[in-house]
Structure formats: structure tokens, C-alpha cells
Amino acid sequence: TTMTEQEIDVYYKAVLDLVSLAGKVVNEGFSITKHVETKSGAADLVTEFDQRVEEILIKSLRETFPTHKFIGEESAAAGAKTVFGDDPTWIIDPIDGTTNFVHGFPFVAISIALAIKKEVVIGVIYNPVLDKLYSAVRGKGAFRNGRPIKCSGQKDLALSQVAGEYGSSREPHIIDAKCQNMRVIIEKVHSIRAVGSAAMNLCMVAEGSCDAYFEYGIHIWDYAAGDLIAREAGAYTSDPSGGPLNLLHRCILCTATKELAQQITPLLTHMKINSLLFVAICASAFFSA
Ligand code: IPD
Ligand code: CA
Ligand code: CA
Ligand code: CA
């Protein structure tokens with residue numbers, strides 16, 4: 001093992017300890033009444049637990065690894081400078097599935113990725129309500145509660161269970177495009193599931209309980225960890241319009257096989273969803289490149 005591999009092992013052990021601690025805080029909040037506020041719109045929710053969990057994660061990682069950088073959903077929302085550069089960078093979604101968290105629907109997850117030189121090397125997703133821990137280190141396979149997982153290997157769209165999401169934007173043209181995508185896909189598959197967590201969707205492709213997942217409008221913290229876990233479980237991830245995945249492009253298609261991706265890509269209405277935050281992250285990635 002190289003020096004970097006040993007270092008990655010240290011980071012991996014640290015984040016596994018930390019995520020189980022943070023999971024206890026999420027579980028404390030899960031069954032009680034939360035203080036709910038909105039962010040970009042009436043369906044974009046945040047609670048005091050989202051902020052608290054992110055603070056715990058960043059504070060602890062920063063103490064242990066003072067030179068590392070951080071991109072966190074709630075820090076970004078509070079105006080923190082988000083730089084996706086070459087330094088080791090922890091990409092954190094403290095609660096993925098906040099709407100589920102608010103409603104007591106058990107698909108909530110803490111998602112943490114570590115990128116070095118803009119490549120994700122560690123992905124950890126923990127659903128503390130269902131006590132399911134998904135994790136991967138680059139090149140070493142994907143695991144659920146410590147046991148190896150594999151994607152389904154499904155090649156036939158007609159036999160597939162597909163995860164898709166409506167997201168939190170209530171802009172009519174975005175809703176129209178998303179409903180159009182559901183409309184063309186449903187005709188061709190066993191089923192569509194929309195469980196409200198990008199991170200969990202990627203884990204479900206990784207474990208084989210879904211054969212594909214696609215979404216537009218998500219952010220780097222929604223899919224950085226899940227993308228690695230899915231790929232390490234044998235899944236294929238790409239830009240929904242074909243071509244390589246880009247963590248700053250705010251969209252993903254994740255499929256059990258490349259054959260499935262080739263069947264889904266031509267069916268989708270492709271969306272380019274921008275935001276100030278997206279521009280800020282892109283600009284910093286560009287300038288640090
Ligand atoms: C959301 C979830 C949801 C997806 C949204 C995300 P959040 O994340 O991943 O599945 O459809 O686009 O924003 O806000 O609950 O962390
Ligand atoms: Ca959110
Ligand atoms: Ca999220
Ligand atoms: Ca979140």
C-alpha cells in the first residue's frame with residue numbers, strides 16, 4: 001500500500017466513527033417535532049438538525065484534519081465559500097431527505113465524500129433510522145453494514161425498477177420536464193420509485209434493489225458519495241445525456257449496466273439547471289484548475 005492509501009485508510013476510519021455519532025443526533029430528531037424553515041422555495045425545507053449535524057461533522061473533521069477543505073450544503077446556504085479544488089475536500093450533506101425527515105418517512109441519510117485532486121476516494125452514506133451504513137473506498141468495493149454489495153447487472157429496461165425524483169423546485173417548466181421524463185420512462189419499465197433521497201437512490205442501485213436512478217437539479221453533496229458507492233458496486237454512472245459524469249453539472253444517471261444507460265439516455269428531456277451556488281462552485285473549480 002502506498003502512503004496515500006494508508007492516509008485514506010485513516011480518513012475512512014475517522015469518518016466511519018463520526019457518522020455513527022452524527023446518526024444518533026439524526027435519530028434524536030427523527031421522531032420529535034422540528035423547527036422547519038424554507039430555503040429557495042416552499043418545498044425546499046431545512047431544520048435545526050440539518051445545521052446541527054453539519055456543524056458536528058465539519059467541526060470534528062476540521063479538528064482532526066486541519067488542512068482539509070469542506071463543502072457542506074448548509075454552510076454553502078449560509079454563504080460559506082465553496083471551493084472544489086485539488087486539496088482533500090470533504091463534501092457533506094448532513095441530512096439527505098430533509099422532507100422525509102420532517103414527515104417521519106424513514107429515507108434519510110448522512111452523505112459524506114472525500115475528494116482528493118477532485119477525485120472522490122471515500123464515500124459514506126448512513127441511514128440511521130434503518131441503521132444501514134453504505135461505504136466505499138476507491139478501488140476496494142462497496143459495502144452495506146460491512147458486507148460486500150453488488151448492483152443487479154440488469155440490462156433490460158423493460159425488467160427494471162427505476163428511481164426518479166421530482167425534486168424541490170416548483171417552477172412550472174421544471175415540473176413539466178420532470179413529469180415528461182416520468183411519463184416516457186413508466187411506459188417502458190416495471191416501476192418508478194421516488195423515495196426522496198438522492199443518496200439512498202444511489203445506494204439502492206448499488207445494492208441491486210433498484211436498477212437505475214436519474215435526477216436533474218441535485219448538487220455535488222447529493223451524489224458525490226453515492227456515485228463512488230454505486231461504481232464500486234459495479235454500477236455505471238454518467239451524465240444523463242451521455243458522456244462522463246461531472247459532479248458540478250447538477251445531474252446524474254446511474255444504472256446497473258451501460259446497456260441500461262444507453263436505453264434511458266435517449267428517452268430523457270435534458271435540463272440544464274443553474275443556480276448562483278452552482279456558478280460559484282464552478283467558477284472556483286475553474287480558477288483552481
Ligand atoms: C434532496 C433529496 C431529494 C432530491 C432533491 C434534493 P435534501 O436533498 O436528495 O431526493 O430530489 O433534489 O435536494 O435537500 O433533502 O438534502
Ligand atoms: Ca436541502
Ligand atoms: Ca441532499
Ligand atoms: Ca440535505
# chains A, B, ... in the order shown; residues from 1 in each chain; ligands from 1
$ residues_around --residues "Ala115 in chain A" --least-positions-apart "2" --cutoff "9 Å" --atoms "only C-alpha atoms" --output "PyMOL selection string"
chain A and resi 84-91+113+117-122+224
$ residues_near_ligand --ligand "ligand 2" --cutoff "10 Å" --atoms "only C-alpha atoms and all ligand atoms" --output "ChimeraX atom specification"
/A:38-40,43-47,50,73-74,77,93-99,168,218-219,221-222
$ residues_around --residues "Val53 in chain A" --least-positions-apart "5" --cutoff "9 Å" --atoms "only C-alpha atoms" --output "list in words"
Ala22, Gly23, Val25, Val26, Glu48, Ile58, Pro94, Ile95 and Ile110 of chain A
$ select_by_dssp --residues "range 77-281 of chain A" --states "strand (DSSP E or B)" --output "count of residues only"
57
$ residues_around --residues "Tyr216 in chain A" --least-positions-apart "2" --cutoff "7 Å" --atoms "only C-alpha atoms" --output "ChimeraX atom specification"
/A:218,250-252,271
$ select_by_dssp --residues "range 177-238 of chain A" --states "helix (DSSP H, G or I)" --output "PyMOL selection string"
chain A and resi 177-186+198-207+220-232
$ residues_around --residues "Ser135 in chain A" --least-positions-apart "6" --cutoff "12 Å" --atoms "only C-alpha atoms" --output "PDB file with C-alpha atoms, in the first residue's frame"
ATOM      1  CA  TYR A  12     -12.022   6.278   6.278  1.00  0.00           C
ATOM      2  CA  LYS A  13     -11.840   5.027   9.875  1.00  0.00           C
ATOM      3  CA  VAL A  15     -15.393   9.229   9.078  1.00  0.00           C
ATOM      4  CA  LEU A  16     -16.976   5.854   9.931  1.00  0.00           C
ATOM      5  CA  VAL A  19     -21.003   9.183  11.019  1.00  0.00           C
ATOM      6  CA  ILE A 110     -25.979  11.429   6.114  1.00  0.00           C
ATOM      7  CA  SER A 111     -23.797  11.602   3.000  1.00  0.00           C
ATOM      8  CA  ILE A 112     -20.060  12.262   3.212  1.00  0.00           C
ATOM      9  CA  ALA A 113     -17.480  12.053   0.435  1.00  0.00           C
ATOM     10  CA  LEU A 114     -13.783  12.826   0.455  1.00  0.00           C
ATOM     11  CA  VAL A 121     -11.790   8.397  -2.858  1.00  0.00           C
ATOM     12  CA  ILE A 122     -14.184   7.753   0.060  1.00  0.00           C
ATOM     13  CA  GLY A 123     -17.984   7.613   0.088  1.00  0.00           C
ATOM     14  CA  VAL A 124     -20.038   7.020   3.237  1.00  0.00           C
ATOM     15  CA  ILE A 125     -23.839   7.125   3.402  1.00  0.00           C
ATOM     16  CA  TYR A 126     -25.565   6.294   6.673  1.00  0.00           C
ATOM     17  CA  ASN A 127     -29.299   5.940   7.157  1.00  0.00           C
ATOM     18  CA  GLY A 141     -15.566  -2.397  -3.477  1.00  0.00           C
ATOM     19  CA  ALA A 142     -18.791  -1.250  -1.821  1.00  0.00           C
ATOM     20  CA  PHE A 143     -20.249  -2.422   1.465  1.00  0.00           C
ATOM     21  CA  ARG A 144     -23.505  -2.333   3.428  1.00  0.00           C
ATOM     22  CA  ASN A 145     -23.006  -2.747   7.172  1.00  0.00           C
ATOM     23  CA  GLY A 146     -19.610  -4.238   6.395  1.00  0.00           C
ATOM     24  CA  ARG A 147     -20.765  -6.828   3.841  1.00  0.00           C
ATOM     25  CA  PRO A 148     -19.967  -6.500   0.112  1.00  0.00           C
ATOM     26  CA  ILE A 149     -22.792  -5.354  -2.178  1.00  0.00           C
ATOM     27  CA  ALA A 199     -28.029   9.372  -1.647  1.00  0.00           C
ATOM     28  CA  MET A 200     -30.375   6.473  -0.829  1.00  0.00           C
ATOM     29  CA  LEU A 202     -27.656   5.639  -5.403  1.00  0.00           C
ATOM     30  CA  CYS A 203     -27.264   3.098  -2.583  1.00  0.00           C
ATOM     31  CA  ALA A 206     -25.514  -0.190  -5.564  1.00  0.00           C
ATOM     32  CA  GLU A 207     -27.291  -2.964  -3.615  1.00  0.00           C
ATOM     33  CA  ALA A 225     -20.535   9.769  -2.068  1.00  0.00           C
ATOM     34  CA  GLY A 226     -23.310   7.748  -3.746  1.00  0.00           C
ATOM     35  CA  ASP A 227     -21.607   7.880  -7.137  1.00  0.00           C
ATOM     36  CA  LEU A 228     -18.488   6.196  -5.702  1.00  0.00           C
ATOM     37  CA  ILE A 229     -20.503   3.613  -3.743  1.00  0.00           C
ATOM     38  CA  ALA A 230     -22.551   2.739  -6.852  1.00  0.00           C
ATOM     39  CA  ARG A 231     -19.492   2.456  -9.107  1.00  0.00           C
ATOM     40  CA  GLU A 232     -17.635   0.353  -6.558  1.00  0.00           C
ATOM     41  CA  ALA A 233     -20.691  -1.960  -6.544  1.00  0.00           C
TER      42      ALA A 233
END
$ residues_around --residues "Gln161 in chain A" --least-positions-apart "6" --cutoff "6 Å" --atoms "only C-alpha atoms" --output "PyMOL selection string"
chain A and resi 190-192+210-211
$ write_last_selection --atoms "N, CA and C atoms" --output "compact mmCIF listing (two decimals), in the first residue's frame"
# COMPACT_ATOMS: atom_id res chain seq x y z
N HIS A 190 -40.77 -1.85 -15.18
CA HIS A 190 -41.60 -2.47 -14.13
C HIS A 190 -42.20 -1.41 -13.22
N SER A 191 -41.37 -0.42 -12.82
CA SER A 191 -41.87 0.57 -11.87
C SER A 191 -40.91 1.75 -11.76
N ILE A 192 -41.47 2.84 -11.22
CA ILE A 192 -40.65 4.00 -10.84
C ILE A 192 -40.86 4.21 -9.34
N CYS A 210 -32.80 -1.25 -6.81
CA CYS A 210 -33.23 -0.51 -7.99
C CYS A 210 -32.19 -0.77 -9.07
N ASP A 211 -32.63 -0.68 -10.34
CA ASP A 211 -31.71 -0.95 -11.45
C ASP A 211 -31.14 0.33 -12.05
$ atom_distance --atom1 "CA of Ile92 in chain A" --atom2 "atom 2 (C, counted along the ligand's line) of ligand 1"
13.1 Å
$ decode --residues "range 29-125 of chain A" --atoms "C-alpha atoms" --output "short mmCIF file (atom, residue, chain, number, x, y, z; two decimals), in the first residue's frame"
data_model
loop_
_atom_site.label_atom_id
_atom_site.label_comp_id
_atom_site.auth_asym_id
_atom_site.auth_seq_id
_atom_site.Cartn_x
_atom_site.Cartn_y
_atom_site.Cartn_z
CA GLY A 29 -34.59 14.49 15.80
CA PHE A 30 -36.42 11.96 13.65
CA SER A 31 -39.41 11.31 15.87
CA ILE A 32 -39.84 14.74 17.50
CA THR A 33 -41.34 17.96 16.15
CA LYS A 34 -38.72 20.04 14.38
CA HIS A 35 -38.40 23.71 13.65
CA VAL A 36 -38.96 23.82 9.87
CA GLU A 37 -37.90 26.72 7.64
CA THR A 38 -37.84 27.08 3.86
CA LYS A 39 -34.85 27.99 1.69
CA SER A 40 -35.24 28.55 -2.08
CA GLY A 41 -39.00 27.84 -2.12
CA ALA A 42 -41.99 26.46 -0.22
CA ALA A 43 -40.90 22.83 -0.76
CA ASP A 44 -37.19 23.34 -0.01
CA LEU A 45 -37.09 22.60 3.73
CA VAL A 46 -34.42 22.85 6.41
CA THR A 47 -34.48 22.11 10.14
CA GLU A 48 -32.22 22.90 13.07
CA PHE A 49 -31.00 19.30 12.84
CA ASP A 50 -29.60 19.78 9.31
CA GLN A 51 -27.47 22.64 10.59
CA ARG A 52 -26.52 20.92 13.86
CA VAL A 53 -25.40 17.70 12.17
CA GLU A 54 -23.34 19.60 9.58
CA GLU A 55 -21.66 21.61 12.35
CA ILE A 56 -20.77 18.45 14.28
CA LEU A 57 -19.31 16.80 11.17
CA ILE A 58 -17.25 19.76 9.98
CA LYS A 59 -16.02 20.72 13.46
CA SER A 60 -14.79 17.22 14.20
CA LEU A 61 -13.19 16.62 10.76
CA ARG A 62 -11.53 20.04 10.86
CA GLU A 63 -10.05 19.33 14.31
CA THR A 64 -8.62 16.02 13.11
CA PHE A 65 -7.57 17.19 9.62
CA PRO A 66 -6.90 20.95 9.89
CA THR A 67 -5.60 21.35 6.32
CA HIS A 68 -8.66 19.80 4.67
CA LYS A 69 -11.36 21.80 2.89
CA PHE A 70 -15.15 21.49 3.22
CA ILE A 71 -18.20 21.78 1.01
CA GLY A 72 -21.39 21.38 3.04
CA GLU A 73 -24.96 22.03 1.96
CA GLU A 74 -25.94 24.16 4.94
CA SER A 75 -22.62 26.02 5.13
CA ALA A 76 -23.00 26.86 1.44
CA ALA A 77 -26.57 28.01 2.10
CA ALA A 78 -25.23 30.26 4.89
CA GLY A 79 -22.79 31.83 2.41
CA ALA A 80 -19.60 29.86 3.13
CA LYS A 81 -17.09 29.98 0.30
CA THR A 82 -17.31 26.70 -1.60
CA VAL A 83 -14.16 25.66 -3.43
CA PHE A 84 -13.90 22.34 -5.22
CA GLY A 85 -10.16 22.26 -5.75
CA ASP A 86 -7.28 19.80 -5.51
CA ASP A 87 -6.90 19.83 -1.70
CA PRO A 88 -8.53 16.99 0.24
CA THR A 89 -12.16 18.18 0.38
CA TRP A 90 -14.98 16.71 2.45
CA ILE A 91 -18.31 17.01 0.62
CA ILE A 92 -21.13 16.82 3.14
CA ASP A 93 -24.90 16.51 3.06
CA PRO A 94 -25.84 16.36 6.77
CA ILE A 95 -29.38 15.12 6.07
CA ASP A 96 -30.25 13.97 2.58
CA GLY A 97 -34.02 13.63 2.53
CA THR A 98 -34.94 16.55 4.77
CA THR A 99 -38.56 16.41 3.59
CA ASN A 100 -38.67 12.77 4.68
CA PHE A 101 -37.05 13.77 7.98
CA VAL A 102 -39.77 16.38 8.55
CA HIS A 103 -42.55 13.92 7.71
CA GLY A 104 -41.14 10.90 9.56
CA PHE A 105 -40.55 8.87 6.35
CA PRO A 106 -37.51 6.70 7.05
CA PHE A 107 -35.41 7.50 3.94
CA VAL A 108 -32.94 9.95 5.46
CA ALA A 109 -29.18 9.72 5.17
CA ILE A 110 -25.98 11.43 6.11
CA SER A 111 -23.80 11.60 3.00
CA ILE A 112 -20.06 12.26 3.21
CA ALA A 113 -17.48 12.05 0.44
CA LEU A 114 -13.78 12.83 0.45
CA ALA A 115 -12.28 14.08 -2.81
CA ILE A 116 -8.55 14.40 -3.40
CA LYS A 117 -7.47 16.25 -6.56
CA LYS A 118 -11.20 16.44 -7.40
CA GLU A 119 -11.50 12.65 -7.43
CA VAL A 120 -13.74 11.02 -4.83
CA VAL A 121 -11.79 8.40 -2.86
CA ILE A 122 -14.18 7.75 0.06
CA GLY A 123 -17.98 7.61 0.09
CA VAL A 124 -20.04 7.02 3.24
CA ILE A 125 -23.84 7.12 3.40
#
